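The data block below is final-v1.txt; it holds compact mmCIF, C-alpha atoms.
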```
# COMPACT_ATOMS: atom_id res chain seq x y z
CA MET A 113 57.99 -18.55 10.45
CA ILE A 114 54.35 -19.29 9.56
CA ARG A 115 53.14 -16.35 11.60
CA LEU A 116 55.70 -14.02 10.03
CA LEU A 117 54.66 -15.01 6.53
CA LEU A 118 51.00 -14.40 7.36
CA VAL A 119 51.18 -11.11 9.19
CA VAL A 120 54.31 -9.21 8.14
CA ALA A 121 52.39 -6.62 6.11
CA ALA A 122 49.95 -5.92 8.91
CA VAL A 123 52.70 -5.73 11.51
CA LEU A 124 54.37 -3.00 9.47
CA ALA A 125 51.09 -1.12 9.34
CA LEU A 126 50.51 -1.44 13.08
CA ALA A 127 54.04 -0.59 14.16
CA CYS A 128 54.55 2.54 16.25
CA GLY A 129 55.87 5.60 14.48
CA GLY A 130 56.42 4.81 10.84
CA ALA A 131 55.33 7.52 8.39
CA GLU A 132 55.70 4.85 5.69
CA ALA A 133 53.14 2.51 7.31
CA ALA A 134 50.63 1.12 4.83
CA LYS A 135 47.00 0.25 5.37
CA PRO A 136 46.71 -3.11 7.22
CA ASP A 137 46.16 -6.28 5.23
CA LEU A 138 42.79 -7.63 6.36
CA THR A 139 43.65 -11.11 5.14
CA ALA A 140 46.83 -11.20 7.24
CA VAL A 141 45.00 -10.10 10.38
CA ASN A 142 42.01 -12.36 9.85
CA GLN A 143 44.25 -15.36 9.18
CA ALA A 144 46.70 -14.71 12.02
CA GLN A 145 47.82 -18.00 13.55
CA PHE A 146 48.76 -19.06 17.06
CA ALA A 147 52.43 -18.90 18.02
CA ALA A 148 54.03 -19.76 21.35
CA GLY A 149 55.85 -17.09 23.33
CA GLU A 150 54.89 -13.80 24.93
CA PRO A 151 54.23 -11.07 22.35
CA LYS A 152 55.27 -7.48 22.88
CA GLY A 153 53.48 -4.34 21.77
CA VAL A 154 50.55 -4.62 19.37
CA ASP A 155 50.27 -8.26 18.34
CA LEU A 156 47.91 -9.58 15.69
CA THR A 157 47.29 -12.89 17.46
CA VAL A 158 46.28 -11.01 20.62
CA LEU A 159 44.15 -8.63 18.56
CA LYS A 160 42.31 -11.50 16.89
CA ALA A 161 41.79 -13.24 20.23
CA GLN A 162 40.49 -10.03 21.84
CA ILE A 163 37.86 -9.58 19.15
CA LEU A 164 36.72 -13.22 19.35
CA LEU A 165 36.55 -13.04 23.15
CA ASP A 166 34.51 -9.84 22.89
CA ARG A 167 32.05 -11.52 20.51
CA ALA A 168 31.72 -14.50 22.84
CA ARG A 169 30.95 -12.11 25.75
CA PHE A 170 34.18 -12.85 27.60
CA SER A 171 35.03 -9.20 27.36
CA PRO A 172 38.67 -8.06 27.27
CA GLY A 173 37.51 -4.50 27.85
CA LEU A 174 39.16 -2.08 25.45
CA ILE A 175 40.46 -3.84 22.33
CA ASP A 176 44.03 -2.66 21.72
CA GLY A 177 45.99 -5.70 20.50
CA ARG A 178 48.17 -5.80 23.61
CA LEU A 179 48.59 -8.16 26.54
CA SER A 180 46.87 -6.74 29.62
CA GLU A 181 45.29 -7.74 32.92
CA ASN A 182 41.82 -7.53 31.38
CA PHE A 183 42.89 -9.77 28.49
CA THR A 184 44.23 -12.33 30.96
CA LYS A 185 40.92 -12.21 32.87
CA ALA A 186 38.96 -12.73 29.68
CA VAL A 187 41.11 -15.69 28.61
CA SER A 188 40.86 -17.24 32.08
CA ALA A 189 37.06 -16.85 32.13
CA PHE A 190 36.79 -18.40 28.66
CA GLN A 191 38.98 -21.29 29.76
CA THR A 192 36.90 -21.90 32.87
CA ALA A 193 33.65 -21.82 30.93
CA ASN A 194 35.04 -24.32 28.43
CA GLY A 195 36.58 -26.76 30.89
CA LEU A 196 40.19 -25.81 30.13
CA PRO A 197 43.02 -25.12 32.61
CA SER A 198 42.31 -21.53 33.61
CA ASP A 199 45.76 -19.94 33.81
CA GLY A 200 44.78 -16.94 31.68
CA LYS A 201 47.44 -17.74 29.08
CA LEU A 202 46.60 -18.00 25.41
CA THR A 203 47.64 -21.62 24.89
CA ARG A 204 47.26 -23.63 21.70
CA GLU A 205 44.28 -25.51 23.21
CA THR A 206 42.60 -22.24 24.22
CA TRP A 207 43.29 -20.69 20.81
CA ASP A 208 41.83 -23.68 18.98
CA ARG A 209 38.68 -23.61 21.12
CA LEU A 210 38.33 -19.85 20.67
CA MET A 211 38.57 -20.23 16.89
CA THR A 212 35.44 -22.44 16.98
CA THR A 213 33.28 -19.73 18.57
CA SER A 214 32.88 -17.64 15.43
CA ALA A 215 33.57 -18.22 11.75
CA GLY A 216 33.43 -14.63 10.50
CA PRO A 217 36.47 -12.38 9.95
CA VAL A 218 37.63 -10.38 12.95
CA LEU A 219 38.38 -7.25 10.91
CA VAL A 220 35.89 -5.86 8.41
CA THR A 221 35.32 -2.63 6.51
CA TYR A 222 32.85 0.01 7.62
CA GLU A 223 31.59 3.08 5.77
CA VAL A 224 31.37 6.19 7.93
CA THR A 225 27.84 7.65 7.97
CA ARG A 226 26.61 11.21 8.28
CA LYS A 227 25.33 10.41 11.75
CA ASP A 228 28.83 9.33 12.79
CA VAL A 229 30.35 12.68 11.88
CA ARG A 230 27.42 14.94 12.70
CA GLY A 231 27.61 14.67 16.48
CA PRO A 232 26.60 16.63 18.48
CA PHE A 233 30.07 16.62 20.02
CA THR A 234 31.37 18.15 23.24
CA LYS A 235 34.90 19.19 22.34
CA ARG A 236 36.00 20.34 25.79
CA ILE A 237 35.00 18.44 28.91
CA PRO A 238 36.36 19.77 32.23
CA ALA A 239 37.95 17.38 34.71
CA ARG A 240 36.04 18.67 37.75
CA MET A 241 32.48 17.47 38.14
CA GLU A 242 31.18 20.83 39.35
CA ARG A 243 32.23 22.32 36.02
CA MET A 244 30.77 19.41 34.08
CA ALA A 245 27.42 20.39 35.58
CA ARG A 246 27.54 23.62 33.56
CA LEU A 247 27.42 21.75 30.24
CA ARG A 248 24.18 20.98 28.43
CA ARG A 249 25.42 17.58 27.24
CA LEU A 250 28.40 15.30 27.86
CA GLY A 251 28.73 14.03 24.29
CA TYR A 252 31.65 12.40 22.53
CA ARG A 253 34.54 14.77 21.98
CA ASN A 254 34.82 13.93 18.28
CA ALA A 255 34.03 11.33 15.63
CA VAL A 256 37.14 9.27 16.44
CA GLU A 257 36.05 8.76 20.04
CA LYS A 258 32.51 7.92 18.91
CA LEU A 259 33.65 5.36 16.33
CA ALA A 260 36.24 3.82 18.65
CA GLU A 261 33.61 3.20 21.31
CA ARG A 262 31.18 1.77 18.77
CA PHE A 263 33.76 -0.85 17.82
CA HIS A 264 35.15 -1.39 21.35
CA ILE A 265 38.63 -0.35 20.23
CA SER A 266 41.23 2.10 21.49
CA GLU A 267 41.46 5.34 19.53
CA GLN A 268 45.18 4.73 19.03
CA LEU A 269 44.63 1.34 17.41
CA LEU A 270 41.74 2.66 15.31
CA ARG A 271 44.10 5.27 13.87
CA ARG A 272 46.81 2.67 13.24
CA LEU A 273 44.38 0.46 11.39
CA ASN A 274 43.44 3.45 9.24
CA PRO A 275 46.62 5.52 8.68
CA GLY A 276 46.14 8.84 6.96
CA THR A 277 42.36 8.52 7.11
CA SER A 278 40.00 11.39 7.83
CA PHE A 279 37.37 10.36 10.36
CA ARG A 280 35.30 13.47 9.73
CA ARG A 281 33.94 12.70 6.28
CA ALA A 282 30.88 10.55 5.58
CA GLY A 283 31.54 7.83 3.02
CA THR A 284 35.07 7.12 4.27
CA THR A 285 35.82 3.38 4.47
CA LEU A 286 37.44 2.21 7.70
CA VAL A 287 38.98 -1.05 8.91
CA VAL A 288 37.31 -1.97 12.22
CA PRO A 289 36.75 -4.99 14.49
CA ASP A 290 33.54 -6.94 13.94
CA VAL A 291 32.21 -7.01 17.51
CA GLY A 292 28.64 -8.13 16.84
CA ARG A 293 27.67 -10.28 19.82
CA GLY A 294 24.19 -11.36 18.84
CA ASP A 295 21.49 -12.36 21.31
CA PRO A 296 22.33 -14.60 24.29
CA ALA A 297 21.52 -18.26 23.65
CA VAL A 298 19.53 -18.75 26.87
CA ALA A 299 17.73 -16.69 29.49
CA THR A 300 19.63 -14.84 32.21
CA ALA A 301 19.12 -16.08 35.76
CA GLY A 302 21.22 -13.56 37.67
CA VAL A 303 24.33 -11.42 37.95
CA GLU A 304 27.43 -12.04 40.06
CA VAL A 305 29.73 -9.19 41.07
CA ASP A 306 33.09 -10.70 42.05
CA LYS A 307 34.85 -8.01 44.04
CA GLY A 308 38.05 -10.04 44.41
CA ALA A 309 38.43 -10.77 40.70
CA ARG A 310 37.04 -7.38 39.58
CA VAL A 311 34.62 -8.91 37.13
CA VAL A 312 30.86 -9.05 36.60
CA ARG A 313 29.38 -12.37 35.46
CA VAL A 314 25.99 -13.08 33.94
CA LEU A 315 24.65 -16.54 34.82
CA ASP A 316 22.13 -18.86 33.22
CA PRO A 317 19.66 -20.94 35.33
CA ALA A 318 22.28 -23.72 35.69
CA GLY A 319 24.94 -21.28 36.93
CA LYS A 320 26.87 -21.31 33.65
CA TRP A 321 28.61 -18.08 32.65
CA LEU A 322 26.82 -16.34 29.78
CA ALA A 323 29.02 -13.24 29.92
CA VAL A 324 32.01 -12.00 31.89
CA TYR A 325 33.00 -8.31 31.93
CA PRO A 326 36.01 -6.59 33.55
CA ALA A 327 34.89 -4.05 36.15
CA SER A 328 36.07 -1.34 38.50
CA ILE A 329 34.49 -2.18 41.84
CA GLY A 330 34.83 0.02 44.91
CA SER A 331 37.88 1.19 46.84
CA ASP A 332 39.26 1.07 50.36
CA GLU A 333 37.95 4.59 50.93
CA LYS A 334 34.42 3.81 49.80
CA PRO A 335 33.51 0.13 49.52
CA ALA A 336 31.13 -1.57 47.17
CA PRO A 337 28.16 -3.24 48.90
CA SER A 338 27.96 -6.85 50.02
CA GLY A 339 25.25 -9.50 49.95
CA MET A 340 22.29 -9.72 47.62
CA ALA A 341 20.51 -6.99 45.66
CA GLU A 342 17.96 -6.73 42.87
CA VAL A 343 17.74 -4.69 39.70
CA LYS A 344 15.16 -1.94 40.23
CA ARG A 345 15.27 -0.38 36.77
CA VAL A 346 17.50 0.31 33.78
CA VAL A 347 18.02 3.92 32.69
CA HIS A 348 19.54 4.61 29.28
CA ASN A 349 21.30 7.92 28.66
CA PRO A 350 21.17 8.82 32.38
CA THR A 351 21.96 12.07 34.12
CA TYR A 352 24.24 12.04 37.16
CA HIS A 353 23.20 13.46 40.53
CA TYR A 354 25.85 14.37 43.08
CA ASP A 355 24.98 14.47 46.78
CA PRO A 356 27.43 16.35 49.06
CA ASP A 357 27.15 13.44 51.49
CA PHE A 358 29.20 11.42 49.00
CA ALA A 359 32.17 13.67 49.87
CA PHE A 360 34.23 12.62 46.83
CA LYS A 361 37.83 13.74 46.72
CA GLY A 362 38.27 16.70 44.40
CA VAL A 363 34.67 17.91 44.69
CA ARG A 364 34.73 21.14 46.66
CA THR A 365 31.14 22.28 46.60
CA LYS A 366 28.80 21.54 49.48
CA ARG A 367 25.75 21.76 47.24
CA PRO A 368 24.11 19.02 45.19
CA PHE A 369 24.33 19.26 41.40
CA THR A 370 23.29 17.37 38.29
CA ILE A 371 25.48 16.52 35.30
CA ALA A 372 23.72 16.26 31.95
CA ALA A 373 23.41 13.01 30.01
CA GLY A 374 25.87 11.75 27.41
CA PRO A 375 28.54 9.06 26.92
CA ASN A 376 31.10 11.20 28.77
CA ASN A 377 28.79 11.58 31.76
CA PRO A 378 30.41 10.06 34.92
CA VAL A 379 28.06 7.04 34.68
CA GLY A 380 28.28 6.69 30.90
CA THR A 381 25.44 5.61 28.66
CA VAL A 382 23.44 3.35 30.99
CA TRP A 383 22.59 3.07 34.69
CA ILE A 384 21.34 -0.24 36.15
CA ASP A 385 19.74 0.83 39.41
CA LEU A 386 20.05 -1.59 42.33
CA SER A 387 17.88 -2.10 45.40
CA ILE A 388 20.78 -0.93 47.62
CA GLU A 389 20.24 2.82 47.82
CA SER A 390 22.56 4.97 45.67
CA TYR A 391 24.33 1.97 44.12
CA GLY A 392 24.21 0.73 40.55
CA ILE A 393 26.05 -0.88 37.67
CA HIS A 394 26.93 1.64 34.97
CA GLY A 395 29.14 2.73 32.10
CA THR A 396 32.14 5.04 32.03
CA PRO A 397 33.67 7.86 29.98
CA GLU A 398 37.13 6.23 30.38
CA PRO A 399 37.07 2.63 29.12
CA ARG A 400 40.85 2.26 29.37
CA LYS A 401 40.68 2.49 33.17
CA ILE A 402 38.15 -0.32 33.66
CA GLY A 403 39.53 -3.12 35.82
CA THR A 404 42.72 -1.23 36.61
CA THR A 405 41.35 1.52 38.89
CA PHE A 406 38.73 1.70 41.63
CA SER A 407 35.31 3.34 41.47
CA HIS A 408 33.24 5.49 43.80
CA GLY A 409 31.38 2.51 45.24
CA CYS A 410 29.32 1.37 42.29
CA ILE A 411 30.23 -1.18 39.62
CA ARG A 412 31.72 0.43 36.54
CA LEU A 413 31.95 -1.26 33.13
CA THR A 414 32.82 -0.01 29.66
CA ASN A 415 29.79 1.62 28.07
CA TRP A 416 29.40 -1.25 25.59
CA ASP A 417 29.57 -3.92 28.29
CA ALA A 418 27.14 -2.01 30.51
CA GLU A 419 24.72 -1.73 27.59
CA ASP A 420 25.12 -5.44 26.83
CA LEU A 421 24.40 -6.31 30.46
CA ALA A 422 21.38 -3.98 30.46
CA SER A 423 19.97 -5.86 27.47
CA MET A 424 20.08 -9.11 29.44
CA VAL A 425 18.61 -8.10 32.81
CA GLN A 426 15.11 -7.11 33.84
CA LYS A 427 13.53 -5.59 36.93
CA GLY A 428 13.87 -8.02 39.81
CA ALA A 429 17.00 -9.76 38.51
CA LYS A 430 19.20 -10.97 41.37
CA VAL A 431 22.64 -9.44 41.85
CA ASN A 432 25.03 -11.26 44.16
CA PHE A 433 28.08 -9.43 45.51
CA LYS A 434 30.70 -12.12 45.93
CA ASP A 435 33.80 -11.97 48.15
CA GLU A 436 35.26 -9.05 50.00
CA MET A 437 37.66 -6.90 48.08
CA ALA A 438 38.69 -3.31 47.59
CA ASP A 439 35.83 -0.96 48.39
CA THR A 440 34.34 2.14 46.86
CA GLY A 441 32.18 5.24 47.11
CA ASP A 442 28.65 5.95 46.05
CA GLU A 443 27.50 7.05 42.64
CA ARG A 444 23.88 7.82 41.93
CA SER A 445 21.86 8.50 38.82
CA GLN A 446 18.24 8.86 37.98
```

Would you mind writing the file's structure down as structure tokens?
Amino acid sequence: MIRLLLVVAAVLALACGGAEAAKPDLTAVNQAQFAAGEPKGVDLTVLKAQILLDRARFSPGLIDGRLSENFTKAVSAFQTANGLPSDGKLTRETWDRLMTTSAGPVLVTYEVTRKDVRGPFTKRIPARMERMARLRRLGYRNAVEKLAERFHISEQLLRRLNPGTSFRRAGTTLVVPDVGRGDPAVATAGVEVDKGARVVRVLDPAGKWLAVYPASIGSDEKPAPSGMAEVKRVVHNPTYHYDPDFAFKGVRTKRPFTIAAGPNNPVGTVWIDLSIESYGIHGTPEPRKIGTTFSHGCIRLTNWDAEDLASMVQKGAKVNFKDEMADTGDERSQ
């Protein structure tokens, strides 16, 4: 009953379909309370928890307000780091601890800038990599995709939070998640790639988890590496170089090619080059698939998580590949 009284207006706004849906009530969302039971569809308690987990660097991946495998991983990691039973379920104890991590509202307003709507955009991006190589830039397709990625949110939920809103006009006020993470509290000692759990963890000198990100890591066809590696360099806005020796499914050419830079490049907005040849940790043009699909051998994160990780590692940082799990193929960028 308490939850219904607090969030009924916002639930109506977030409901599927509904031409009569009104703009969400920020107060209702920001004051959403814990309630036992398993929610269905877009749920405001889940949405609030996702945003707080994202801020605390226990990333749920794409924020969409729904229960998911990545959300369960994020909750479990947060529980482990805070000495709670790590079943991945949003219990009252977990909720109460999560509420102490950040005092600010989870939803805020944002005014669209000229830079947001100016682009440059790449409206049509072919599925085949050989054809991608013909483009001069792999930019965002439109302003909605650009804004959604900036706020770590699905495009569908961004539209639901802002019904009837034009995303193409500077000065428009939007309702968005506040996903400011701030600087890490302590220095980073290393990175752990858990192939079994499909997560990447950042560790402090005592082995405590500073950040945990969902990841796509290898496949049976082309496995991710094992053992220890080091960070060789970090490349922002990388290009992607395809070697025919990779022999990826769906790539028919026998010649090498290069795909231009941009957030919809196959390795996203950042490439963390590792000491194991042709392997790295990088972003992706498809954040929804992170943690639920395999990669071509490297370690794939959402663009925002890859950029966050890149801000915390330096040349020489140790990367430990933990456990044997599904394997993957090679991806290379320079």

Give the answer as one residue: which of A:Pro375, A:Pro335, A:Pro238, A:Pro296 has the shortest atom-to-atom distance to Trp416 (chain A), using only C-alpha atoms? A:Pro375

In Å, with one decimal, what is the gap from CA of Tyr352 (chain A) to CA of Ile393 (chain A)?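 These atoms are spaced 13.1 Å apart.
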
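Across the model, the gap from CA of Val379 (chain A) to CA of Thr414 (chain A) is 9.9 Å.
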
Can you pull out every residue within 10 Å of Glu205 (chain A), counting only C-alpha atoms, but drop anything in the same chain fewer than 3 positions away, and send it as an NGL selection string? :A and (146 or 191 or 196-197 or 202 or 208-210)

For Leu179 (chain A), work out the shell of residues within 9 Å, counting all atoms listed in the file and skipping chain neighbours fewer than 4 positions away, then give it as a PyMOL selection string. chain A and resi 150-155+158+183-184

Just the selected residues (C-alpha atoms), exported as a compact mmCIF listing (two decimals), keeping the file's coordinate frame, please.
```txt
# COMPACT_ATOMS: atom_id res chain seq x y z
CA GLU A 150 54.89 -13.80 24.93
CA PRO A 151 54.23 -11.07 22.35
CA LYS A 152 55.27 -7.48 22.88
CA GLY A 153 53.48 -4.34 21.77
CA VAL A 154 50.55 -4.62 19.37
CA ASP A 155 50.27 -8.26 18.34
CA VAL A 158 46.28 -11.01 20.62
CA PHE A 183 42.89 -9.77 28.49
CA THR A 184 44.23 -12.33 30.96
```

Looking at A:Asn432, A:Thr225, A:Thr139, A:Ser390, which one is nearest to Asp306 (chain A), with distances taken over only C-alpha atoms? A:Asn432

Need to verify the contact set: Thr351 (chain A), 12 Å, only C-alpha atoms, exclusion of same-chain residues closer than 6 positions in sequence. Can you return it as a list in words? Met244, Ala245, Leu247, Arg248, Arg249, Leu250, Phe369, Thr370, Ile371, Ala372, Ala373, Gly374, Pro375, Asn376, Asn377, Pro378, Val379, Gly380, Thr381, Val382, Trp383, His394, Gly395, Glu443, Arg444, Ser445 and Gln446 of chain A

Excluding Pro172 (chain A) and residues on its chain fewer than 4 positions from it, collect all residues at most 8 Å away from it, counting all atoms listed in the file, and give them as a PDB file with C-alpha atoms, keeping the file's coordinate frame.
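Below is the file that was written, around-v6.pdb:
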```
ATOM      1  CA  GLN A 162      40.490 -10.030  21.840  1.00  0.00           C
ATOM      2  CA  LEU A 165      36.550 -13.040  23.150  1.00  0.00           C
ATOM      3  CA  ASP A 166      34.510  -9.840  22.890  1.00  0.00           C
ATOM      4  CA  ASN A 182      41.820  -7.530  31.380  1.00  0.00           C
ATOM      5  CA  PHE A 183      42.890  -9.770  28.490  1.00  0.00           C
ATOM      6  CA  THR A 184      44.230 -12.330  30.960  1.00  0.00           C
ATOM      7  CA  LYS A 185      40.920 -12.210  32.870  1.00  0.00           C
ATOM      8  CA  ALA A 186      38.960 -12.730  29.680  1.00  0.00           C
ATOM      9  CA  TYR A 325      33.000  -8.310  31.930  1.00  0.00           C
ATOM     10  CA  PRO A 326      36.010  -6.590  33.550  1.00  0.00           C
TER      11      PRO A 326
END
```

Provide the CA of Gly403 (chain A) to CA of Arg293 (chain A) distance in Å, to one decimal place.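 Here the two named atoms are 21.2 Å from each other.
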
Would you please work out which residue, of A:Val305, A:Leu269, A:Leu138, A:Val291, is nearest to Leu413 (chain A) when using only C-alpha atoms?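 Using only C-alpha atoms, the shortest distance to Leu413 (chain A) belongs to A:Val305.
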
Can you tell me, as a ChimeraX atom specification, what residues are no more than 7 Å from region 308-316 of chain A when counting only C-alpha atoms, ignoring any on the same chain fewer than 6 positions away? /A:298-302,322-329,403,435-437
